[in-house]
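For reference, model17.pdb is printed below; it contains PDB, C-alpha atoms, pLDDT in the B column.
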```pdb
ATOM      1  CA  MET X 969     107.003  90.868 118.691  1.00 62.00           C
ATOM      2  CA  ALA X 970     105.125  93.055 116.283  1.00 76.00           C
ATOM      3  CA  ASN X 971     104.428  92.931 112.576  1.00 87.00           C
ATOM      4  CA  HIS X 972     103.731  96.148 110.766  1.00 87.00           C
ATOM      5  CA  LEU X 973     102.937  97.100 107.173  1.00 89.00           C
ATOM      6  CA  GLU X 974     105.128 100.089 106.372  1.00 91.00           C
ATOM      7  CA  CYS X 975     103.928 102.296 103.512  1.00 93.00           C
ATOM      8  CA  GLU X 976     106.612 104.944 103.147  1.00 94.00           C
ATOM      9  CA  ILE X 977     108.011 107.195 100.466  1.00 95.00           C
ATOM     10  CA  LYS X 978     111.549 108.553 100.656  1.00 95.00           C
ATOM     11  CA  SER X 979     113.231 111.458  98.952  1.00 96.00           C
ATOM     12  CA  MET X 980     116.804 112.644  99.344  1.00 96.00           C
ATOM     13  CA  ILE X 981     117.329 116.350 100.060  1.00 97.00           C
ATOM     14  CA  ASN X 982     120.416 118.527 100.376  1.00 97.00           C
ATOM     15  CA  GLU X 983     121.856 120.108 103.529  1.00 98.00           C
ATOM     16  CA  GLN X 984     120.283 123.516 102.893  1.00 98.00           C
ATOM     17  CA  GLN X 985     116.822 121.954 102.456  1.00 98.00           C
ATOM     18  CA  TYR X 986     117.374 119.847 105.567  1.00 98.00           C
ATOM     19  CA  LEU X 987     118.264 122.885 107.684  1.00 98.00           C
ATOM     20  CA  TYR X 988     115.247 124.805 106.387  1.00 97.00           C
ATOM     21  CA  LEU X 989     112.839 121.938 107.189  1.00 97.00           C
ATOM     22  CA  TYR X 990     114.481 121.092 110.506  1.00 97.00           C
ATOM     23  CA  ASN X 991     114.232 124.680 111.722  1.00 96.00           C
ATOM     24  CA  LYS X 992     110.662 125.036 110.465  1.00 97.00           C
ATOM     25  CA  TYR X 993     109.332 121.841 112.070  1.00 96.00           C
ATOM     26  CA  PHE X 994     111.577 121.371 115.133  1.00 95.00           C
ATOM     27  CA  HIS X 995     108.825 122.568 117.498  1.00 94.00           C
ATOM     28  CA  LEU X 996     106.401 119.872 116.238  1.00 93.00           C
ATOM     29  CA  GLY X 997     108.494 116.812 116.967  1.00 92.00           C
ATOM     30  CA  LYS X 998     111.169 115.166 119.000  1.00 88.00           C
ATOM     31  CA  LEU X 999     114.742 114.591 117.869  1.00 94.00           C
ATOM     32  CA  ILE X1000     116.003 111.067 118.456  1.00 97.00           C
ATOM     33  CA  THR X1001     119.263 109.393 117.540  1.00 98.00           C
ATOM     34  CA  GLN X1002     119.187 105.805 116.378  1.00 98.00           C
ATOM     35  CA  GLU X1003     121.892 103.398 115.312  1.00 98.00           C
ATOM     36  CA  ASN X1004     121.196 100.738 112.701  1.00 98.00           C
ATOM     37  CA  ILE X1005     123.523  97.751 112.326  1.00 98.00           C
ATOM     38  CA  TYR X1006     122.917  95.746 109.156  1.00 98.00           C
ATOM     39  CA  PHE X1007     123.536  92.098 108.352  1.00 98.00           C
ATOM     40  CA  ASN X1008     123.748  90.118 105.133  1.00 97.00           C
ATOM     41  CA  ASP X1009     124.410  86.453 104.431  1.00 97.00           C
ATOM     42  CA  ARG X1010     127.283  84.900 102.489  1.00 97.00           C
ATOM     43  CA  ASN X1011     124.872  83.612  99.826  1.00 97.00           C
ATOM     44  CA  ASP X1012     123.344  87.091  99.328  1.00 96.00           C
ATOM     45  CA  ILE X1013     119.824  85.728  99.813  1.00 97.00           C
ATOM     46  CA  LEU X1014     118.830  88.784 101.862  1.00 97.00           C
ATOM     47  CA  LYS X1015     120.405  91.196  99.388  1.00 95.00           C
ATOM     48  CA  ASN X1016     118.867  89.497  96.354  1.00 96.00           C
ATOM     49  CA  LEU X1017     115.406  89.472  97.950  1.00 96.00           C
ATOM     50  CA  LYS X1018     115.905  93.124  99.085  1.00 95.00           C
ATOM     51  CA  ILE X1019     115.336  92.087 102.688  1.00 97.00           C
ATOM     52  CA  CYS X1020     116.886  94.149 105.448  1.00 97.00           C
ATOM     53  CA  LEU X1021     118.032  92.484 108.675  1.00 98.00           C
ATOM     54  CA  ARG X1022     119.080  95.055 111.259  1.00 98.00           C
ATOM     55  CA  ILE X1023     119.465  95.930 114.888  1.00 98.00           C
ATOM     56  CA  ARG X1024     118.081  99.359 115.740  1.00 98.00           C
ATOM     57  CA  THR X1025     119.289 100.905 118.981  1.00 98.00           C
ATOM     58  CA  LYS X1026     117.633 103.990 120.435  1.00 96.00           C
ATOM     59  CA  GLN X1027     118.131 105.601 123.806  1.00 92.00           C
ATOM     60  CA  ASP X1028     115.401 103.506 125.421  1.00 92.00           C
ATOM     61  CA  SER X1029     115.133 100.404 123.227  1.00 97.00           C
ATOM     62  CA  ILE X1030     116.964  97.767 121.213  1.00 98.00           C
ATOM     63  CA  ASN X1031     115.070  95.877 118.515  1.00 98.00           C
ATOM     64  CA  LEU X1032     115.907  93.322 115.869  1.00 98.00           C
ATOM     65  CA  TYR X1033     114.060  93.910 112.593  1.00 97.00           C
ATOM     66  CA  VAL X1034     113.402  92.210 109.317  1.00 98.00           C
ATOM     67  CA  LYS X1035     112.060  94.488 106.606  1.00 96.00           C
ATOM     68  CA  ALA X1036     110.826  92.691 103.490  1.00 96.00           C
ATOM     69  CA  PRO X1037     109.224  94.213 100.397  1.00 93.00           C
ATOM     70  CA  ILE X1038     105.657  93.186  99.616  1.00 92.00           C
ATOM     71  CA  LYS X1039     103.223  94.585  97.059  1.00 88.00           C
ATOM     72  CA  GLU X1040     101.619  97.099  99.429  1.00 88.00           C
ATOM     73  CA  GLY X1041     104.876  98.371 100.996  1.00 90.00           C
ATOM     74  CA  ASN X1042     107.233  96.658 103.433  1.00 93.00           C
ATOM     75  CA  LEU X1043     106.464  93.953 105.945  1.00 94.00           C
ATOM     76  CA  GLU X1044     108.352  94.874 109.096  1.00 96.00           C
ATOM     77  CA  ILE X1045     108.867  92.280 111.822  1.00 97.00           C
ATOM     78  CA  LYS X1046     110.129  93.754 115.093  1.00 97.00           C
ATOM     79  CA  GLN X1047     111.580  91.751 117.980  1.00 97.00           C
ATOM     80  CA  PRO X1048     112.759  93.463 121.178  1.00 97.00           C
ATOM     81  CA  ILE X1049     116.189  92.280 122.364  1.00 98.00           C
ATOM     82  CA  ASP X1050     118.457  93.075 125.289  1.00 97.00           C
ATOM     83  CA  SER X1051     122.016  94.438 125.216  1.00 96.00           C
ATOM     84  CA  PHE X1052     123.557  90.958 125.705  1.00 97.00           C
ATOM     85  CA  THR X1053     121.664  89.602 122.670  1.00 97.00           C
ATOM     86  CA  ARG X1054     122.718  92.700 120.689  1.00 97.00           C
ATOM     87  CA  GLN X1055     126.384  91.964 121.472  1.00 97.00           C
ATOM     88  CA  GLN X1056     125.964  88.289 120.556  1.00 96.00           C
ATOM     89  CA  LEU X1057     124.527  89.341 117.196  1.00 96.00           C
ATOM     90  CA  ILE X1058     127.272  91.883 116.503  1.00 96.00           C
ATOM     91  CA  GLN X1059     130.189  89.704 117.612  1.00 96.00           C
ATOM     92  CA  LYS X1060     129.026  86.198 116.670  1.00 95.00           C
ATOM     93  CA  CYS X1061     125.857  86.626 114.541  1.00 95.00           C
ATOM     94  CA  ILE X1062     123.865  84.502 116.976  1.00 95.00           C
ATOM     95  CA  LEU X1063     120.153  85.090 116.412  1.00 96.00           C
ATOM     96  CA  PRO X1064     117.720  84.905 119.312  1.00 96.00           C
ATOM     97  CA  ASN X1065     114.843  82.456 119.034  1.00 96.00           C
ATOM     98  CA  GLY X1066     111.654  83.998 117.730  1.00 96.00           C
ATOM     99  CA  GLU X1067     109.734  85.098 114.680  1.00 95.00           C
ATOM    100  CA  ILE X1068     112.726  86.670 112.916  1.00 97.00           C
ATOM    101  CA  LYS X1069     114.877  83.545 113.194  1.00 97.00           C
ATOM    102  CA  ASP X1070     111.897  81.478 111.980  1.00 96.00           C
ATOM    103  CA  TYR X1071     111.334  83.864 109.052  1.00 96.00           C
ATOM    104  CA  LEU X1072     114.996  83.685 108.004  1.00 97.00           C
ATOM    105  CA  HIS X1073     114.906  79.878 108.099  1.00 96.00           C
ATOM    106  CA  GLN X1074     111.798  79.942 105.859  1.00 96.00           C
ATOM    107  CA  ILE X1075     113.778  81.824 103.197  1.00 97.00           C
ATOM    108  CA  ASN X1076     116.794  79.497 103.640  1.00 97.00           C
ATOM    109  CA  VAL X1077     119.072  81.937 105.452  1.00 97.00           C
ATOM    110  CA  ASP X1078     121.278  80.074 107.904  1.00 94.00           C
ATOM    111  CA  GLU X1079     122.541  82.150 110.823  1.00 92.00           C
ATOM    112  CA  LYS X1080     126.044  80.685 110.405  1.00 95.00           C
ATOM    113  CA  ASP X1081     126.156  82.507 107.037  1.00 97.00           C
ATOM    114  CA  LEU X1082     125.313  85.918 108.526  1.00 97.00           C
ATOM    115  CA  TYR X1083     127.844  88.720 108.775  1.00 97.00           C
ATOM    116  CA  LEU X1084     127.750  92.368 109.809  1.00 97.00           C
ATOM    117  CA  SER X1085     127.602  94.371 106.568  1.00 97.00           C
ATOM    118  CA  GLY X1086     127.426  97.982 107.728  1.00 97.00           C
ATOM    119  CA  SER X1087     126.085 100.523 110.158  1.00 98.00           C
ATOM    120  CA  LEU X1088     124.478 103.935 110.106  1.00 97.00           C
ATOM    121  CA  ILE X1089     123.533 106.564 112.679  1.00 98.00           C
ATOM    122  CA  THR X1090     120.479 108.738 112.061  1.00 98.00           C
ATOM    123  CA  GLU X1091     119.344 111.890 113.793  1.00 98.00           C
ATOM    124  CA  ARG X1092     115.586 111.865 113.211  1.00 97.00           C
ATOM    125  CA  LEU X1093     113.010 114.571 113.746  1.00 97.00           C
ATOM    126  CA  SER X1094     109.544 113.079 113.324  1.00 96.00           C
ATOM    127  CA  PHE X1095     106.054 114.473 113.660  1.00 96.00           C
ATOM    128  CA  LEU X1096     102.505 113.702 112.605  1.00 95.00           C
ATOM    129  CA  ASP X1097     100.584 115.709 110.026  1.00 95.00           C
ATOM    130  CA  GLY X1098      97.115 114.222 110.128  1.00 95.00           C
ATOM    131  CA  LYS X1099      97.446 110.560 109.198  1.00 96.00           C
ATOM    132  CA  TYR X1100     100.993 110.979 107.839  1.00 97.00           C
ATOM    133  CA  LEU X1101     104.235 110.507 109.747  1.00 97.00           C
ATOM    134  CA  ILE X1102     106.967 112.823 108.481  1.00 97.00           C
ATOM    135  CA  CYS X1103     110.597 112.075 109.337  1.00 97.00           C
ATOM    136  CA  ILE X1104     113.404 114.531 108.636  1.00 98.00           C
ATOM    137  CA  ASP X1105     116.626 112.501 108.744  1.00 98.00           C
ATOM    138  CA  LYS X1106     120.328 113.273 108.859  1.00 98.00           C
ATOM    139  CA  SER X1107     122.377 110.071 108.531  1.00 98.00           C
ATOM    140  CA  TYR X1108     126.062 109.273 109.007  1.00 98.00           C
ATOM    141  CA  TYR X1109     127.802 106.256 107.464  1.00 97.00           C
ATOM    142  CA  LYS X1110     131.171 105.485 105.841  1.00 96.00           C
ATOM    143  CA  ASN X1111     132.375 109.119 106.201  1.00 96.00           C
ATOM    144  CA  ILE X1112     129.212 110.290 104.405  1.00 97.00           C
ATOM    145  CA  VAL X1113     126.457 112.544 105.688  1.00 98.00           C
ATOM    146  CA  ASP X1114     123.150 112.566 103.830  1.00 97.00           C
ATOM    147  CA  TYR X1115     119.676 113.977 104.290  1.00 97.00           C
ATOM    148  CA  GLU X1116     116.312 112.429 103.576  1.00 97.00           C
ATOM    149  CA  ILE X1117     112.606 112.855 104.100  1.00 97.00           C
ATOM    150  CA  GLU X1118     110.467 109.798 104.813  1.00 96.00           C
ATOM    151  CA  ILE X1119     106.703 110.079 104.688  1.00 97.00           C
ATOM    152  CA  GLU X1120     104.620 107.175 105.922  1.00 97.00           C
ATOM    153  CA  GLY X1121     100.918 106.894 105.217  1.00 97.00           C
ATOM    154  CA  PRO X1122      98.054 104.396 105.280  1.00 96.00           C
ATOM    155  CA  THR X1123      98.904 103.137 101.755  1.00 95.00           C
ATOM    156  CA  LEU X1124     101.808 103.603  99.358  1.00 93.00           C
ATOM    157  CA  LEU X1125      99.607 105.531  96.932  1.00 94.00           C
ATOM    158  CA  GLU X1126      98.352 107.893  99.628  1.00 96.00           C
ATOM    159  CA  ALA X1127     101.874 108.393 100.999  1.00 96.00           C
ATOM    160  CA  GLU X1128     103.190 109.218  97.525  1.00 95.00           C
ATOM    161  CA  GLN X1129     100.354 111.637  96.736  1.00 96.00           C
ATOM    162  CA  TYR X1130     100.776 113.363 100.075  1.00 97.00           C
ATOM    163  CA  ALA X1131     104.582 113.497  99.674  1.00 97.00           C
ATOM    164  CA  LYS X1132     104.302 115.178  96.279  1.00 96.00           C
ATOM    165  CA  SER X1133     101.943 117.835  97.623  1.00 97.00           C
ATOM    166  CA  TRP X1134     104.023 118.332 100.804  1.00 97.00           C
ATOM    167  CA  PHE X1135     107.244 118.813  98.834  1.00 97.00           C
ATOM    168  CA  LYS X1136     105.477 121.215  96.485  1.00 97.00           C
ATOM    169  CA  LYS X1137     104.192 123.230  99.464  1.00 97.00           C
ATOM    170  CA  GLU X1138     107.759 123.381 100.819  1.00 97.00           C
ATOM    171  CA  ASN X1139     109.097 124.380  97.374  1.00 97.00           C
ATOM    172  CA  ILE X1140     111.526 121.438  97.371  1.00 96.00           C
ATOM    173  CA  PRO X1141     111.816 119.084  94.388  1.00 94.00           C
ATOM    174  CA  PHE X1142     110.351 115.639  95.101  1.00 94.00           C
ATOM    175  CA  LYS X1143     112.783 113.021  93.814  1.00 90.00           C
ATOM    176  CA  GLY X1144     110.997 109.926  95.078  1.00 84.00           C
ATOM    177  CA  ASP X1145     114.301 108.069  95.219  1.00 80.00           C
ATOM    178  CA  ASN X1146     113.469 105.216  97.532  1.00 74.00           C
ATOM    179  CA  ILE X1147     117.034 104.064  98.140  1.00 85.00           C
ATOM    180  CA  PRO X1148     116.907 102.444 101.582  1.00 90.00           C
ATOM    181  CA  LYS X1149     119.396 103.420 104.261  1.00 94.00           C
ATOM    182  CA  SER X1150     120.432  99.759 104.423  1.00 93.00           C
ATOM    183  CA  VAL X1151     121.563  99.886 100.794  1.00 92.00           C
ATOM    184  CA  ARG X1152     123.343 103.211 101.208  1.00 93.00           C
ATOM    185  CA  ALA X1153     125.180 102.029 104.343  1.00 94.00           C
ATOM    186  CA  THR X1154     126.270  98.681 102.915  1.00 93.00           C
ATOM    187  CA  SER X1155     127.084  99.481  99.270  1.00 87.00           C
TER     188      SER X1155
END
```
Take the structure in the file and write it out as structure tokens.
Amino acid sequence: MANHLECEIKSMINEQQYLYLYNKYFHLGKLITQENIYFNDRNDILKNLKICLRIRTKQDSINLYVKAPIKEGNLEIKQPIDSFTRQQLIQKCILPNGEIKDYLHQINVDEKDLYLSGSLITERLSFLDGKYLICIDKSYYKNIVDYEIEIEGPTLLEAEQYAKSWFKKENIPFKGDNIPKSVRATS
């Protein structure tokens, strides 16, 4: 298991901007496809606390995540799981033992109240620019396709400052609309 402080800034872009950036930066990164499956609870504790509970499946890994907002960004708890555990979560909402189950119990979320609330597939091109991770995303959910840039840095302030200058350099308006994929996929 791993805990990580995520300091990221997001901004939605249009298809034309996406294609421009994708073609410009394709040689710097690797394209991966990831599927996110989101869960909520019947009492909306997760939703009200803006906590994301998800399974993220990539070609070579399956992980269960909790992403919770804190002052400096998002606390991300990551727990590797196998394909059997993934199916148990999707079909029966049975959580594996570990830090995520313990965390959910601390905030009074009972696994018997969990339900699958949505899913999303993202094609992600990511690359490093100094100390900043830049992700160019194309996401599919509920018959919608959208495009987004995520920039992760050492702190939220640094990520935001860098994002503004990066968008200016690319001549693309910076919207700074930090609407999480989990919200877009489950609304």
With only C-alpha atoms counted and 9 Å as the cut-off, give the residues of stretch 1058-1122 of chain X in contact with stretch 997-1000 of chain X, each with its shortest interatomic distance in Å and the pair that gives it, as a Markdown table.
```
| residue | atom | partner | partner_atom | distance |
| --- | --- | --- | --- | --- |
| X:Thr1090 | CA | X:Ile1000 | CA | 8.1 |
| X:Glu1091 | CA | X:Ile1000 | CA | 5.8 |
| X:Arg1092 | CA | X:Ile1000 | CA | 5.3 |
| X:Leu1093 | CA | X:Leu999 | CA | 4.5 |
| X:Ser1094 | CA | X:Gly997 | CA | 5.3 |
| X:Phe1095 | CA | X:Gly997 | CA | 4.7 |
| X:Leu1096 | CA | X:Gly997 | CA | 8.0 |
```
Worksheet entry | Among listed residues X:Thr1123, X:Asn982, X:Ser1133, X:Gln1047, nearest X:Gly1066 (using all atoms listed in the file) |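 Counting all atoms listed in the file, the residue closest to X:Gly1066 is X:Gln1047.
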Worksheet entry | Distance criterion (only C-alpha atoms): nearest to X:Ile1019 out of X:Lys1060, X:Lys1132, X:Lys1035, X:Lys1106 |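 The answer is X:Lys1035, which sits nearest to X:Ile1019.
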Practice prompt. Enumerate, as a list in words, the residues matched when the PyMOL selection byres ((chain X and resi 1107) around 9) is run on the file above.
Written response: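 With the shown file as input, the PyMOL selection byres ((chain X and resi 1107) around 9) matches Leu1088, Ile1089, Thr1090, Glu1091, Arg1092, Asp1105, Lys1106, Tyr1108, Tyr1109, Ile1112, Val1113, Asp1114, Tyr1115, Glu1116 and Lys1149 of chain X.
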Item to complete: Point out the residue among X:Ile1038, X:Ile1102, X:Leu1125, X:Ala1153 with the least atom-to-atom distance to X:Tyr993, counting all atoms listed in the file.
Response: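 Of the candidates, the smallest distance to X:Tyr993 is held by X:Ile1102.
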Discussion item. Calculated over all atoms listed in the file, which of the candidates X:Cys1103, X:Ala1036, X:Ile981, X:Ile1023 has the smallest distance to X:Pro1141?
Written reply: X:Ile981
Given the point (113.2, 116.2, 98.4) in the file's coordinates, find the residues that have an atom at most 7 Å from it, counting all atoms listed in the file, and give them as a short mmCIF file (atom, residue, chain, number, x, y, z; two decimals) with C-alpha atoms, in the frame of the given file.
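Here's the written file selection_2.cif:
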```cif
data_model
loop_
_atom_site.label_atom_id
_atom_site.label_comp_id
_atom_site.auth_asym_id
_atom_site.auth_seq_id
_atom_site.Cartn_x
_atom_site.Cartn_y
_atom_site.Cartn_z
CA SER X 979 113.23 111.46 98.95
CA MET X 980 116.80 112.64 99.34
CA ILE X 981 117.33 116.35 100.06
CA ILE X 1117 112.61 112.86 104.10
CA PHE X 1135 107.24 118.81 98.83
CA ILE X 1140 111.53 121.44 97.37
CA PRO X 1141 111.82 119.08 94.39
CA PHE X 1142 110.35 115.64 95.10
CA LYS X 1143 112.78 113.02 93.81
#
```
Item to complete: Could you tell me which of X:Ile1030, X:Ile1062, X:Ile1045, X:Leu987 comes closest to X:Tyr1083 if we count all atoms listed in the file?
Response: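 Among the listed residues, the smallest separation from X:Tyr1083 belongs to X:Ile1062.
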Worksheet item: How many Å lie between atom CA of X:Arg1024 and atom CA of X:Pro1048, rounded to one decimal?
Response: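 If I compute the distance from atom CA of X:Arg1024 to atom CA of X:Pro1048, I get 9.6 Å.
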Worksheet item: Which of these, X:Gln1074, X:Asn1042, X:Gln985, X:Ser1051, has the shortest distance to X:Leu1124 once you count only C-alpha atoms?
Response: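 For X:Leu1124, the nearest of the candidates is X:Asn1042.
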Item to complete: Would you mind reading off the distance between atom CA of X:Lys978 and atom CA of X:Trp1134, one decimal, in Å?
Response: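 Calculated distance between atom CA of X:Lys978 and atom CA of X:Trp1134 is 12.3 Å.
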